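J.: What follows is target38.csv, CSV, C-alpha atoms.
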```csv
chain,number,residue,atom,x,y,z
A,273,MET,CA,-10.5,-18.5,-22.4
A,274,LYS,CA,-14.0,-17.3,-21.6
A,275,LEU,CA,-14.3,-13.7,-20.7
A,276,LEU,CA,-15.6,-14.2,-17.2
A,277,LYS,CA,-12.6,-16.3,-16.2
A,278,LEU,CA,-10.2,-14.0,-18.0
A,279,ILE,CA,-11.5,-10.9,-16.3
A,280,ALA,CA,-11.6,-12.6,-12.9
A,281,ASN,CA,-8.0,-13.8,-13.3
A,282,LEU,CA,-7.0,-10.2,-14.0
A,283,GLY,CA,-8.1,-9.2,-10.5
A,284,TYR,CA,-11.3,-7.4,-11.3
A,285,GLY,CA,-13.2,-9.4,-8.7
A,286,SER,CA,-14.4,-12.9,-7.9
A,287,ARG,CA,-16.3,-14.7,-10.6
A,288,LYS,CA,-19.5,-13.7,-8.8
A,289,GLU,CA,-18.5,-10.1,-8.9
A,290,VAL,CA,-17.4,-10.2,-12.5
A,291,ALA,CA,-20.6,-11.9,-13.5
A,292,ALA,CA,-22.4,-8.9,-12.0
A,293,LEU,CA,-20.4,-6.6,-14.3
A,294,PHE,CA,-21.7,-8.6,-17.3
A,295,ARG,CA,-25.3,-8.4,-16.0
A,296,ALA,CA,-24.9,-4.7,-15.7
A,297,GLY,CA,-23.8,-4.3,-19.3
A,298,ARG,CA,-20.4,-2.8,-18.2
A,299,VAL,CA,-18.3,-5.2,-20.3
A,300,THR,CA,-18.3,-4.2,-24.0
A,301,ASP,CA,-16.1,-4.4,-27.1
A,302,ALA,CA,-14.3,-1.4,-28.5
A,303,ASP,CA,-17.4,-0.3,-30.4
A,304,GLY,CA,-19.6,-0.4,-27.3
A,305,GLU,CA,-21.4,-3.6,-28.0
A,306,VAL,CA,-22.3,-5.5,-24.9
A,307,LEU,CA,-20.2,-8.7,-24.3
A,308,TYR,CA,-21.3,-11.8,-22.4
A,309,ALA,CA,-19.5,-14.0,-19.9
A,310,ASP,CA,-19.1,-17.0,-22.3
A,311,ASP,CA,-17.8,-14.9,-25.2
A,312,GLN,CA,-14.3,-15.5,-26.4
A,313,VAL,CA,-12.9,-12.3,-28.0
A,314,PRO,CA,-9.4,-10.8,-28.2
A,315,HIS,CA,-8.1,-9.3,-25.0
A,316,ALA,CA,-7.4,-6.0,-26.7
A,317,ALA,CA,-11.0,-5.7,-27.9
A,318,VAL,CA,-12.6,-5.8,-24.4
A,319,ARG,CA,-13.6,-2.8,-22.4
A,320,ILE,CA,-14.9,-2.4,-18.8
A,321,ASP,CA,-16.8,0.9,-18.3
A,322,GLY,CA,-15.2,2.0,-21.6
A,323,GLU,CA,-11.6,1.4,-20.4
A,324,PRO,CA,-9.3,-1.3,-21.9
A,325,LEU,CA,-8.5,-4.3,-19.8
A,326,ASP,CA,-5.3,-4.4,-17.7
A,327,PRO,CA,-2.3,-6.1,-19.4
A,328,ALA,CA,-2.9,-9.7,-20.5
A,329,PRO,CA,-1.3,-12.6,-18.7
A,330,GLY,CA,2.4,-12.8,-19.5
A,331,VAL,CA,2.9,-9.2,-18.5
A,332,VAL,CA,6.3,-7.8,-17.5
A,333,ILE,CA,6.5,-4.5,-15.6
A,334,ALA,CA,9.5,-2.3,-14.9
A,335,LEU,CA,9.1,-0.3,-11.7
A,336,HIS,CA,11.3,2.4,-10.1
A,337,LYS,CA,11.3,1.2,-6.5
A,338,PRO,CA,11.8,4.0,-4.0
A,339,VAL,CA,13.7,3.6,-0.7
A,340,GLY,CA,11.3,2.5,2.1
A,341,VAL,CA,9.3,0.2,0.0
A,342,THR,CA,9.4,-3.6,0.5
A,343,CYS,CA,9.3,-6.4,-2.2
A,344,SER,CA,6.6,-8.4,-0.4
A,345,THR,CA,2.9,-9.1,-0.3
A,346,ARG,CA,2.8,-9.6,3.4
A,347,ASP,CA,5.3,-7.4,5.2
A,348,GLN,CA,4.1,-4.4,7.2
A,349,GLY,CA,4.7,-0.9,5.8
A,350,ARG,CA,4.6,0.2,2.2
A,351,LEU,CA,4.9,-2.5,-0.4
A,352,VAL,CA,5.8,-2.5,-4.1
A,353,TYR,CA,2.3,-3.6,-4.8
A,354,ASP,CA,1.0,-0.4,-3.3
A,355,LEU,CA,2.6,1.4,-6.3
A,356,LEU,CA,0.5,-0.5,-8.8
A,357,PRO,CA,-3.3,-0.6,-9.3
A,358,PRO,CA,-4.9,-2.6,-6.5
A,359,ARG,CA,-6.2,-5.3,-8.9
A,360,PHE,CA,-2.7,-6.3,-9.8
A,361,ARG,CA,-2.2,-7.9,-6.4
A,362,LEU,CA,-5.2,-10.2,-7.1
A,363,ARG,CA,-4.1,-11.4,-10.5
A,364,ARG,CA,-3.8,-15.1,-11.3
A,365,PRO,CA,-1.2,-16.2,-12.1
A,366,VAL,CA,0.4,-14.1,-9.3
A,367,LEU,CA,2.4,-11.0,-10.3
A,368,SER,CA,5.8,-11.7,-8.6
A,369,THR,CA,8.9,-9.6,-8.3
A,370,VAL,CA,11.9,-10.9,-10.3
A,371,GLY,CA,14.3,-11.1,-7.4
A,372,ARG,CA,14.2,-8.5,-4.7
A,373,LEU,CA,15.6,-5.1,-3.7
A,374,ASP,CA,15.8,-4.6,0.0
A,375,ARG,CA,13.8,-1.8,1.7
A,376,ASP,CA,16.8,0.6,1.7
A,377,THR,CA,17.7,0.0,-2.0
A,378,SER,CA,16.0,1.9,-4.8
A,379,GLY,CA,16.0,1.4,-8.6
A,380,LEU,CA,14.9,-0.9,-11.3
A,381,LEU,CA,12.6,-3.8,-10.3
A,382,LEU,CA,10.9,-6.2,-12.6
A,383,LEU,CA,7.6,-7.9,-11.9
A,384,THR,CA,5.9,-10.6,-14.0
A,385,ASP,CA,3.3,-13.3,-13.9
A,386,ASP,CA,5.3,-15.4,-16.4
A,387,GLY,CA,6.9,-18.1,-14.2
A,388,GLN,CA,9.1,-19.4,-17.0
A,389,LEU,CA,10.5,-16.0,-17.9
A,390,LEU,CA,11.0,-15.2,-14.2
A,391,HIS,CA,13.2,-18.3,-13.7
A,392,ARG,CA,15.0,-17.7,-17.0
A,393,ILE,CA,16.0,-14.2,-15.8
A,394,ILE,CA,17.1,-15.2,-12.3
A,395,SER,CA,18.8,-18.5,-13.3
A,396,PRO,CA,22.6,-18.4,-12.7
A,397,ARG,CA,23.0,-19.9,-16.2
A,398,ALA,CA,21.5,-16.8,-17.8
A,399,GLN,CA,24.2,-14.6,-16.4
A,400,VAL,CA,21.9,-11.6,-16.5
A,401,ALA,CA,23.8,-8.6,-15.2
A,402,LYS,CA,22.5,-6.3,-12.4
A,403,VAL,CA,24.1,-2.9,-12.3
A,404,TYR,CA,24.2,-0.9,-9.0
A,405,GLU,CA,25.4,2.5,-8.0
A,406,ALA,CA,26.5,2.9,-4.4
A,407,THR,CA,27.8,5.6,-2.1
A,408,LEU,CA,30.1,4.5,0.6
A,409,ALA,CA,30.7,5.6,4.2
A,410,ALA,CA,34.5,5.7,3.7
A,411,ASP,CA,36.9,6.2,0.8
A,412,LEU,CA,37.8,3.2,-1.3
A,413,ARG,CA,41.1,1.6,-0.2
A,414,GLY,CA,42.1,0.8,-3.8
A,415,ASP,CA,42.1,-2.9,-4.1
A,416,GLU,CA,38.3,-3.5,-4.2
A,417,GLY,CA,38.1,-3.8,-8.0
A,418,ALA,CA,40.7,-6.6,-8.1
A,419,LEU,CA,39.2,-8.4,-5.2
A,420,PHE,CA,35.7,-8.4,-6.7
A,421,ALA,CA,36.9,-9.4,-10.1
A,422,ALA,CA,39.0,-12.3,-8.8
A,423,GLY,CA,36.0,-14.6,-8.1
A,424,THR,CA,37.5,-15.7,-4.8
A,425,LEU,CA,35.7,-13.4,-2.3
A,426,LEU,CA,33.9,-15.5,0.3
A,427,LEU,CA,31.1,-13.7,2.1
A,428,GLU,CA,30.7,-14.4,5.8
A,429,GLY,CA,28.6,-17.5,6.5
A,430,GLU,CA,28.9,-18.8,2.9
A,431,LYS,CA,30.9,-21.7,1.5
A,432,THR,CA,31.0,-20.7,-2.2
A,433,PRO,CA,33.0,-17.7,-3.4
A,434,LEU,CA,31.3,-15.0,-5.4
A,435,ALA,CA,31.3,-15.0,-9.1
A,436,PRO,CA,33.6,-12.2,-10.6
A,437,ALA,CA,32.0,-8.7,-10.5
A,438,THR,CA,33.1,-5.5,-12.2
A,439,LEU,CA,33.7,-2.4,-10.1
A,440,ASP,CA,33.8,1.0,-11.8
A,441,VAL,CA,35.1,3.8,-9.6
A,442,LEU,CA,33.1,7.0,-10.1
A,443,GLY,CA,34.6,8.9,-7.1
A,444,PRO,CA,36.4,8.2,-3.8
A,445,ARG,CA,33.1,7.1,-2.3
A,446,HIS,CA,30.9,6.5,-5.4
A,447,VAL,CA,31.0,3.3,-7.4
A,448,ARG,CA,29.2,1.3,-10.0
A,449,LEU,CA,29.1,-2.5,-9.5
A,450,THR,CA,28.0,-5.1,-12.0
A,451,LEU,CA,27.0,-8.5,-10.7
A,452,THR,CA,25.7,-11.7,-12.3
A,453,GLU,CA,24.4,-13.1,-9.1
A,454,GLY,CA,21.7,-12.1,-6.6
A,455,ARG,CA,22.7,-13.3,-3.2
A,456,TYR,CA,21.1,-11.9,-0.1
A,457,HIS,CA,22.2,-8.2,0.5
A,458,GLN,CA,25.2,-9.0,-1.8
A,459,VAL,CA,26.5,-5.5,-2.6
A,460,ARG,CA,26.3,-4.4,1.1
A,461,ARG,CA,28.0,-7.6,2.2
A,462,MET,CA,30.8,-7.3,-0.4
A,463,PHE,CA,31.7,-3.8,0.8
A,464,ALA,CA,31.4,-4.9,4.4
A,465,ALA,CA,34.0,-7.6,3.6
A,466,THR,CA,36.4,-4.7,2.7
A,467,GLY,CA,35.7,-2.9,5.9
A,468,ASN,CA,33.4,-0.3,4.3
A,469,HIS,CA,29.7,0.4,4.6
A,470,VAL,CA,27.1,1.1,1.8
A,471,GLU,CA,25.2,4.3,2.6
A,472,THR,CA,22.9,4.4,-0.5
A,473,LEU,CA,22.3,1.8,-3.1
A,474,HIS,CA,20.5,2.2,-6.4
A,475,ARG,CA,20.0,-0.4,-9.2
A,476,VAL,CA,20.4,1.3,-12.5
A,477,ALA,CA,20.0,-1.6,-15.0
A,478,VAL,CA,19.1,-5.2,-15.4
A,479,GLY,CA,20.9,-6.5,-18.4
A,480,GLY,CA,20.6,-3.8,-21.0
A,481,LEU,CA,17.3,-2.5,-19.6
A,482,THR,CA,17.5,0.8,-17.7
A,483,LEU,CA,14.9,2.9,-15.8
A,484,ASP,CA,14.7,5.0,-19.0
A,485,GLY,CA,13.3,8.1,-17.3
A,486,LEU,CA,10.9,6.4,-14.8
A,487,ALA,CA,10.6,8.6,-11.7
A,488,PRO,CA,10.5,6.9,-8.3
A,489,GLY,CA,7.2,5.1,-7.9
A,490,GLU,CA,6.4,5.0,-11.6
A,491,TRP,CA,6.1,1.9,-13.7
A,492,ARG,CA,5.5,0.8,-17.3
A,493,VAL,CA,4.7,-2.4,-19.1
A,494,LEU,CA,7.5,-3.8,-21.2
A,495,ASP,CA,7.2,-4.8,-24.8
A,496,ALA,CA,9.1,-7.6,-26.5
A,497,ASP,CA,12.1,-5.4,-27.4
A,498,ASP,CA,12.4,-4.3,-23.7
A,499,ILE,CA,12.4,-7.9,-22.6
A,500,ALA,CA,15.1,-8.8,-25.1
A,501,ARG,CA,17.2,-6.0,-23.6
A,502,VAL,CA,17.1,-7.8,-20.2
A,503,PHE,CA,19.3,-10.5,-21.7
A,504,ALA,CA,21.6,-8.0,-23.4
A,505,SER,CA,24.8,-6.4,-22.1
A,506,PRO,CA,24.4,-3.5,-19.7
A,507,PRO,CA,24.9,0.0,-21.1
A,508,SER,CA,28.4,1.4,-20.8
A,509,SER,CA,29.0,3.7,-17.8
```
Written as C-alpha cells, that's how I'd like the structure from this file.
T.:
Amino acid sequence: MKLLKLIANLGYGSRKEVAALFRAGRVTDADGEVLYADDQVPHAAVRIDGEPLDPAPGVVIALHKPVGVTCSTRDQGRLVYDLLPPRFRLRRPVLSTVGRLDRDTSGLLLLTDDGQLLHRIISPRAQVAKVYEATLAADLRGDEGALFAAGTLLLEGEKTPLAPATLDVLGPRHVRLTLTEGRYHQVRRMFAATGNHVETLHRVAVGGLTLDGLAPGEWRVLDADDIARVFASPPSS
C-alpha cells in the first residue's frame, strides 16, 4: 500500500491533509530520510515528525474501561474512544469494540479493526469465556451456583435458556461469574432473576487474558501471544 493511503487510513487526516505532511517533509524513515506519498516501505520504518506510526491495521487493544464510559461512537457523554488518541476514531477499517460493557460496568474491553478476529471472538462457537466480579445488594440465597450451571435459566423476554455459567462465591455478596455468552446486560439480569441486584460489576478476564496491571483508562496493544490467550482458559480464581 502506498504511504499516503496507509497514513490516511490510520487517521492522520484526509488524503489532502496527509499529502501536505509529505510536502512539508514531515514524513521520514527511521534515519530521517524524507519519504514520498507513493513510496512503499515497511510500516515500522515510517516516522511522522520523528515519531513512529500508530499501530498497523490488524491491531488489537486491551483497555481498562472505567465506570461512566460508554462503548459507542455516537452516545452523549464520555466514550471509550475518548481514552484513546483522537486519530484512532478516524481509522479505516474502523476500530470497533469486541462486544460491549455497559456504562456502569468496568474492566477489560477489547477493540480491534480486524473484522474476522472480532467475529471469531464473539462467535458462540468459540466459547470464549468472560469473567466478571460482582458485588450484590443482598446476600446470596445459596442456590445460584446450581441454577446458573444448569443451563435452564430463562431470562425475562427471551425464549432460549442461558448456556451453563460458573459461579464462584467470594463472599456473602461478592461473586465471580464466568460466562460463554454475551447477552444484553446478562450478569445483571441473571441476578435479577434470583431476586437480587448487582451493585458493581467488573470484567476481570476475556479467555485467559486479564487486565495485567492496567489502571482504569489505560490501554495497551496486544501481541500475538496476548491474542492467543483470549482463546485460552480463564485464570483460576
J.: Quick one: residues within 12 Å of (-22.9, -2.6, -21.8) (file frame), counting all atoms listed in the file, please, as JSON, numbers by chain.
T.: {"A": [292, 293, 294, 295, 296, 297, 298, 299, 300, 301, 302, 303, 304, 305, 306, 307, 308, 318, 319, 320, 321, 322]}
J.: Between A:Ala496, A:Leu351, A:Leu390, A:Ala406, which residue has the minimum interatomic distance to Pro444 (chain A), considering all atoms listed in the file?
T.: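 Of A:Ala496, A:Leu351, A:Leu390, A:Ala406, the one nearest Pro444 (chain A) is A:Ala406, counting all atoms listed in the file.
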J.: Which protein, DNA or RNA residues have an atom at most 8 Å from (4.7, -8.6, -14.4), counting all atoms listed in the file? List them as a list in words.
T.: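 Collected hits near the coordinates: Gly330, Val331, Val332, Ile333, Ala334, Leu367, Ser368, Thr369, Leu382, Leu383, Thr384, Asp385, Asp386 and Val493 of chain A.
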J.: Could you turn the residues from that selection into a file that holds C-alpha atoms, as a PDB file, in the coordinates of the input?
T.:
```pdb
ATOM      1  CA  GLY A 330       2.400 -12.800 -19.500  1.00  0.00           C
ATOM      2  CA  VAL A 331       2.900  -9.200 -18.500  1.00  0.00           C
ATOM      3  CA  VAL A 332       6.300  -7.800 -17.500  1.00  0.00           C
ATOM      4  CA  ILE A 333       6.500  -4.500 -15.600  1.00  0.00           C
ATOM      5  CA  ALA A 334       9.500  -2.300 -14.900  1.00  0.00           C
ATOM      6  CA  LEU A 367       2.400 -11.000 -10.300  1.00  0.00           C
ATOM      7  CA  SER A 368       5.800 -11.700  -8.600  1.00  0.00           C
ATOM      8  CA  THR A 369       8.900  -9.600  -8.300  1.00  0.00           C
ATOM      9  CA  LEU A 382      10.900  -6.200 -12.600  1.00  0.00           C
ATOM     10  CA  LEU A 383       7.600  -7.900 -11.900  1.00  0.00           C
ATOM     11  CA  THR A 384       5.900 -10.600 -14.000  1.00  0.00           C
ATOM     12  CA  ASP A 385       3.300 -13.300 -13.900  1.00  0.00           C
ATOM     13  CA  ASP A 386       5.300 -15.400 -16.400  1.00  0.00           C
ATOM     14  CA  VAL A 493       4.700  -2.400 -19.100  1.00  0.00           C
TER      15      VAL A 493
END
```
J.: Measure the distance from CA of Lys431 (chain A) to CA of Cys343 (chain A) in Å and round it to one decimal.
T.: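 Value for the CA of Lys431 (chain A)-CA of Cys343 (chain A) distance: 26.7 Å.
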J.: So which one's closest to Gly387 (chain A), A:Leu356, A:Pro329, A:Asp347, A:Ala401? Using only C-alpha atoms, please.
T.: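 Between A:Leu356, A:Pro329, A:Asp347, A:Ala401, the residue approaching Gly387 (chain A) most closely is A:Pro329.
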J.: Could you work out how far CA of Ile393 (chain A) lies from CA of Thr377 (chain A), giving the answer in Å with one decimal?
T.: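 That distance, rounded to one decimal, is 19.9 Å.
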J.: Between CA of Glu416 (chain A) and CA of Ser378 (chain A), what is the distance in Å, rounded to a tenth?
T.: 23.0 Å
J.: List as a list in words the protein and nucleic acid residues near Pro338 (chain A), meaning an atom at most 9 Å away when only C-alpha atoms are counted, but skip any in the same chain fewer than 6 places from it.
T.: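 Surrounding residues, per the criterion: Val352, Arg375, Asp376, Thr377, Ser378, Gly379, Pro488 and Gly489 of chain A.
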J.: Need to verify the contact set: Phe463 (chain A), 12 Å, only C-alpha atoms, exclusion of same-chain residues closer than 4 positions in sequence. Can you return it as a PDB file with C-alpha atoms, keeping the file's coordinate frame?
T.:
```pdb
ATOM      1  CA  ALA A 406      26.500   2.900  -4.400  1.00  0.00           C
ATOM      2  CA  THR A 407      27.800   5.600  -2.100  1.00  0.00           C
ATOM      3  CA  LEU A 408      30.100   4.500   0.600  1.00  0.00           C
ATOM      4  CA  ALA A 409      30.700   5.600   4.200  1.00  0.00           C
ATOM      5  CA  ALA A 410      34.500   5.700   3.700  1.00  0.00           C
ATOM      6  CA  ASP A 411      36.900   6.200   0.800  1.00  0.00           C
ATOM      7  CA  LEU A 412      37.800   3.200  -1.300  1.00  0.00           C
ATOM      8  CA  ARG A 413      41.100   1.600  -0.200  1.00  0.00           C
ATOM      9  CA  ASP A 415      42.100  -2.900  -4.100  1.00  0.00           C
ATOM     10  CA  GLU A 416      38.300  -3.500  -4.200  1.00  0.00           C
ATOM     11  CA  GLY A 417      38.100  -3.800  -8.000  1.00  0.00           C
ATOM     12  CA  LEU A 419      39.200  -8.400  -5.200  1.00  0.00           C
ATOM     13  CA  PHE A 420      35.700  -8.400  -6.700  1.00  0.00           C
ATOM     14  CA  LEU A 425      35.700 -13.400  -2.300  1.00  0.00           C
ATOM     15  CA  LEU A 426      33.900 -15.500   0.300  1.00  0.00           C
ATOM     16  CA  LEU A 427      31.100 -13.700   2.100  1.00  0.00           C
ATOM     17  CA  GLU A 428      30.700 -14.400   5.800  1.00  0.00           C
ATOM     18  CA  LEU A 439      33.700  -2.400 -10.100  1.00  0.00           C
ATOM     19  CA  ARG A 445      33.100   7.100  -2.300  1.00  0.00           C
ATOM     20  CA  VAL A 447      31.000   3.300  -7.400  1.00  0.00           C
ATOM     21  CA  LEU A 449      29.100  -2.500  -9.500  1.00  0.00           C
ATOM     22  CA  HIS A 457      22.200  -8.200   0.500  1.00  0.00           C
ATOM     23  CA  GLN A 458      25.200  -9.000  -1.800  1.00  0.00           C
ATOM     24  CA  VAL A 459      26.500  -5.500  -2.600  1.00  0.00           C
ATOM     25  CA  GLY A 467      35.700  -2.900   5.900  1.00  0.00           C
ATOM     26  CA  ASN A 468      33.400  -0.300   4.300  1.00  0.00           C
ATOM     27  CA  HIS A 469      29.700   0.400   4.600  1.00  0.00           C
ATOM     28  CA  VAL A 470      27.100   1.100   1.800  1.00  0.00           C
ATOM     29  CA  GLU A 471      25.200   4.300   2.600  1.00  0.00           C
ATOM     30  CA  LEU A 473      22.300   1.800  -3.100  1.00  0.00           C
TER      31      LEU A 473
END
```
J.: For His391 (chain A), which residue among A:Trp491, A:Leu486, A:Val370, A:Glu405 is the nearest when counting all atoms listed in the file?
T.: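 Using all atoms listed in the file, the shortest distance to His391 (chain A) belongs to A:Val370.
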J.: For a quick check of understanding, using only C-alpha atoms, which of A:Val441, A:Leu451, A:Ala487, A:Val476 has the smallest distance to Pro507 (chain A)?
T.: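 Ranked by minimum distance to Pro507 (chain A), first place goes to A:Val476.
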J.: Would you mind putting all heavy atoms back on region 395-405 of chain A and writing the result as a PDB file, in the frame of the given file?
T.:
```pdb
ATOM      1  N   SER A 395      17.957 -17.337 -13.271  1.00  0.00           N
ATOM      2  CA  SER A 395      18.800 -18.500 -13.300  1.00  0.00           C
ATOM      3  C   SER A 395      20.285 -18.122 -13.422  1.00  0.00           C
ATOM      4  O   SER A 395      20.654 -17.264 -14.237  1.00  0.00           O
ATOM      5  CB  SER A 395      18.444 -19.395 -14.507  1.00  0.00           C
ATOM      6  OG  SER A 395      19.414 -20.418 -14.695  1.00  0.00           O
ATOM      7  N   PRO A 396      21.157 -18.729 -12.615  1.00  0.00           N
ATOM      8  CA  PRO A 396      22.600 -18.400 -12.700  1.00  0.00           C
ATOM      9  C   PRO A 396      23.132 -18.675 -14.135  1.00  0.00           C
ATOM     10  O   PRO A 396      24.085 -18.023 -14.565  1.00  0.00           O
ATOM     11  CB  PRO A 396      23.221 -19.389 -11.720  1.00  0.00           C
ATOM     12  CG  PRO A 396      22.134 -19.669 -10.729  1.00  0.00           C
ATOM     13  CD  PRO A 396      20.863 -19.670 -11.525  1.00  0.00           C
ATOM     14  N   ARG A 397      22.518 -19.612 -14.865  1.00  0.00           N
ATOM     15  CA  ARG A 397      23.000 -19.900 -16.200  1.00  0.00           C
ATOM     16  C   ARG A 397      22.792 -18.722 -17.159  1.00  0.00           C
ATOM     17  O   ARG A 397      23.532 -18.559 -18.128  1.00  0.00           O
ATOM     18  CB  ARG A 397      22.239 -21.114 -16.786  1.00  0.00           C
ATOM     19  CG  ARG A 397      22.519 -22.420 -16.058  1.00  0.00           C
ATOM     20  CD  ARG A 397      21.753 -23.560 -16.704  1.00  0.00           C
ATOM     21  NE  ARG A 397      21.986 -24.826 -16.012  1.00  0.00           N
ATOM     22  CZ  ARG A 397      21.446 -25.976 -16.383  1.00  0.00           C
ATOM     23  NH1 ARG A 397      20.626 -26.017 -17.434  1.00  0.00           N
ATOM     24  NH2 ARG A 397      21.701 -27.082 -15.711  1.00  0.00           N
ATOM     25  N   ALA A 398      21.783 -17.899 -16.881  1.00  0.00           N
ATOM     26  CA  ALA A 398      21.500 -16.800 -17.800  1.00  0.00           C
ATOM     27  C   ALA A 398      22.528 -15.683 -17.693  1.00  0.00           C
ATOM     28  O   ALA A 398      22.695 -14.913 -18.642  1.00  0.00           O
ATOM     29  CB  ALA A 398      20.101 -16.215 -17.460  1.00  0.00           C
ATOM     30  N   GLN A 399      23.205 -15.577 -16.540  1.00  0.00           N
ATOM     31  CA  GLN A 399      24.200 -14.600 -16.400  1.00  0.00           C
ATOM     32  C   GLN A 399      23.708 -13.153 -16.647  1.00  0.00           C
ATOM     33  O   GLN A 399      24.393 -12.306 -17.243  1.00  0.00           O
ATOM     34  CB  GLN A 399      25.441 -14.850 -17.263  1.00  0.00           C
ATOM     35  CG  GLN A 399      26.189 -16.128 -16.911  1.00  0.00           C
ATOM     36  CD  GLN A 399      27.076 -15.958 -15.680  1.00  0.00           C
ATOM     37  OE1 GLN A 399      28.039 -15.211 -15.695  1.00  0.00           O
ATOM     38  NE2 GLN A 399      26.737 -16.667 -14.619  1.00  0.00           N
ATOM     39  N   VAL A 400      22.450 -12.898 -16.260  1.00  0.00           N
ATOM     40  CA  VAL A 400      21.900 -11.600 -16.500  1.00  0.00           C
ATOM     41  C   VAL A 400      22.554 -10.598 -15.481  1.00  0.00           C
ATOM     42  O   VAL A 400      22.577 -10.827 -14.276  1.00  0.00           O
ATOM     43  CB  VAL A 400      20.351 -11.571 -16.238  1.00  0.00           C
ATOM     44  CG1 VAL A 400      19.802 -10.154 -16.236  1.00  0.00           C
ATOM     45  CG2 VAL A 400      19.675 -12.397 -17.327  1.00  0.00           C
ATOM     46  N   ALA A 401      23.101  -9.531 -16.024  1.00  0.00           N
ATOM     47  CA  ALA A 401      23.800  -8.600 -15.200  1.00  0.00           C
ATOM     48  C   ALA A 401      22.872  -7.656 -14.447  1.00  0.00           C
ATOM     49  O   ALA A 401      21.838  -7.248 -14.986  1.00  0.00           O
ATOM     50  CB  ALA A 401      24.765  -7.743 -16.067  1.00  0.00           C
ATOM     51  N   LYS A 402      23.211  -7.352 -13.215  1.00  0.00           N
ATOM     52  CA  LYS A 402      22.500  -6.300 -12.400  1.00  0.00           C
ATOM     53  C   LYS A 402      23.525  -5.249 -12.085  1.00  0.00           C
ATOM     54  O   LYS A 402      24.602  -5.543 -11.574  1.00  0.00           O
ATOM     55  CB  LYS A 402      21.949  -6.924 -11.130  1.00  0.00           C
ATOM     56  CG  LYS A 402      20.611  -7.636 -11.292  1.00  0.00           C
ATOM     57  CD  LYS A 402      20.712  -9.017 -11.883  1.00  0.00           C
ATOM     58  CE  LYS A 402      21.360  -9.989 -10.927  1.00  0.00           C
ATOM     59  NZ  LYS A 402      21.357 -11.395 -11.475  1.00  0.00           N
ATOM     60  N   VAL A 403      23.174  -4.004 -12.401  1.00  0.00           N
ATOM     61  CA  VAL A 403      24.100  -2.900 -12.300  1.00  0.00           C
ATOM     62  C   VAL A 403      23.618  -1.963 -11.158  1.00  0.00           C
ATOM     63  O   VAL A 403      22.480  -1.497 -11.195  1.00  0.00           O
ATOM     64  CB  VAL A 403      24.277  -2.123 -13.574  1.00  0.00           C
ATOM     65  CG1 VAL A 403      25.359  -1.054 -13.429  1.00  0.00           C
ATOM     66  CG2 VAL A 403      24.612  -3.069 -14.729  1.00  0.00           C
ATOM     67  N   TYR A 404      24.494  -1.695 -10.181  1.00  0.00           N
ATOM     68  CA  TYR A 404      24.200  -0.900  -9.000  1.00  0.00           C
ATOM     69  C   TYR A 404      25.113   0.322  -8.946  1.00  0.00           C
ATOM     70  O   TYR A 404      26.290   0.207  -9.291  1.00  0.00           O
ATOM     71  CB  TYR A 404      24.278  -1.665  -7.734  1.00  0.00           C
ATOM     72  CG  TYR A 404      23.342  -2.831  -7.616  1.00  0.00           C
ATOM     73  CD1 TYR A 404      23.659  -4.062  -8.187  1.00  0.00           C
ATOM     74  CD2 TYR A 404      22.135  -2.722  -6.928  1.00  0.00           C
ATOM     75  CE1 TYR A 404      22.804  -5.142  -8.078  1.00  0.00           C
ATOM     76  CE2 TYR A 404      21.276  -3.795  -6.811  1.00  0.00           C
ATOM     77  CZ  TYR A 404      21.612  -5.011  -7.387  1.00  0.00           C
ATOM     78  OH  TYR A 404      20.756  -6.084  -7.273  1.00  0.00           O
ATOM     79  N   GLU A 405      24.591   1.428  -8.450  1.00  0.00           N
ATOM     80  CA  GLU A 405      25.400   2.500  -8.000  1.00  0.00           C
ATOM     81  C   GLU A 405      25.322   2.674  -6.531  1.00  0.00           C
ATOM     82  O   GLU A 405      24.217   2.582  -5.983  1.00  0.00           O
ATOM     83  CB  GLU A 405      25.065   3.838  -8.732  1.00  0.00           C
ATOM     84  CG  GLU A 405      25.461   3.860 -10.204  1.00  0.00           C
ATOM     85  CD  GLU A 405      25.352   5.243 -10.827  1.00  0.00           C
ATOM     86  OE1 GLU A 405      25.093   6.221 -10.084  1.00  0.00           O
ATOM     87  OE2 GLU A 405      25.520   5.344 -12.053  1.00  0.00           O
TER      88      GLU A 405
END
```
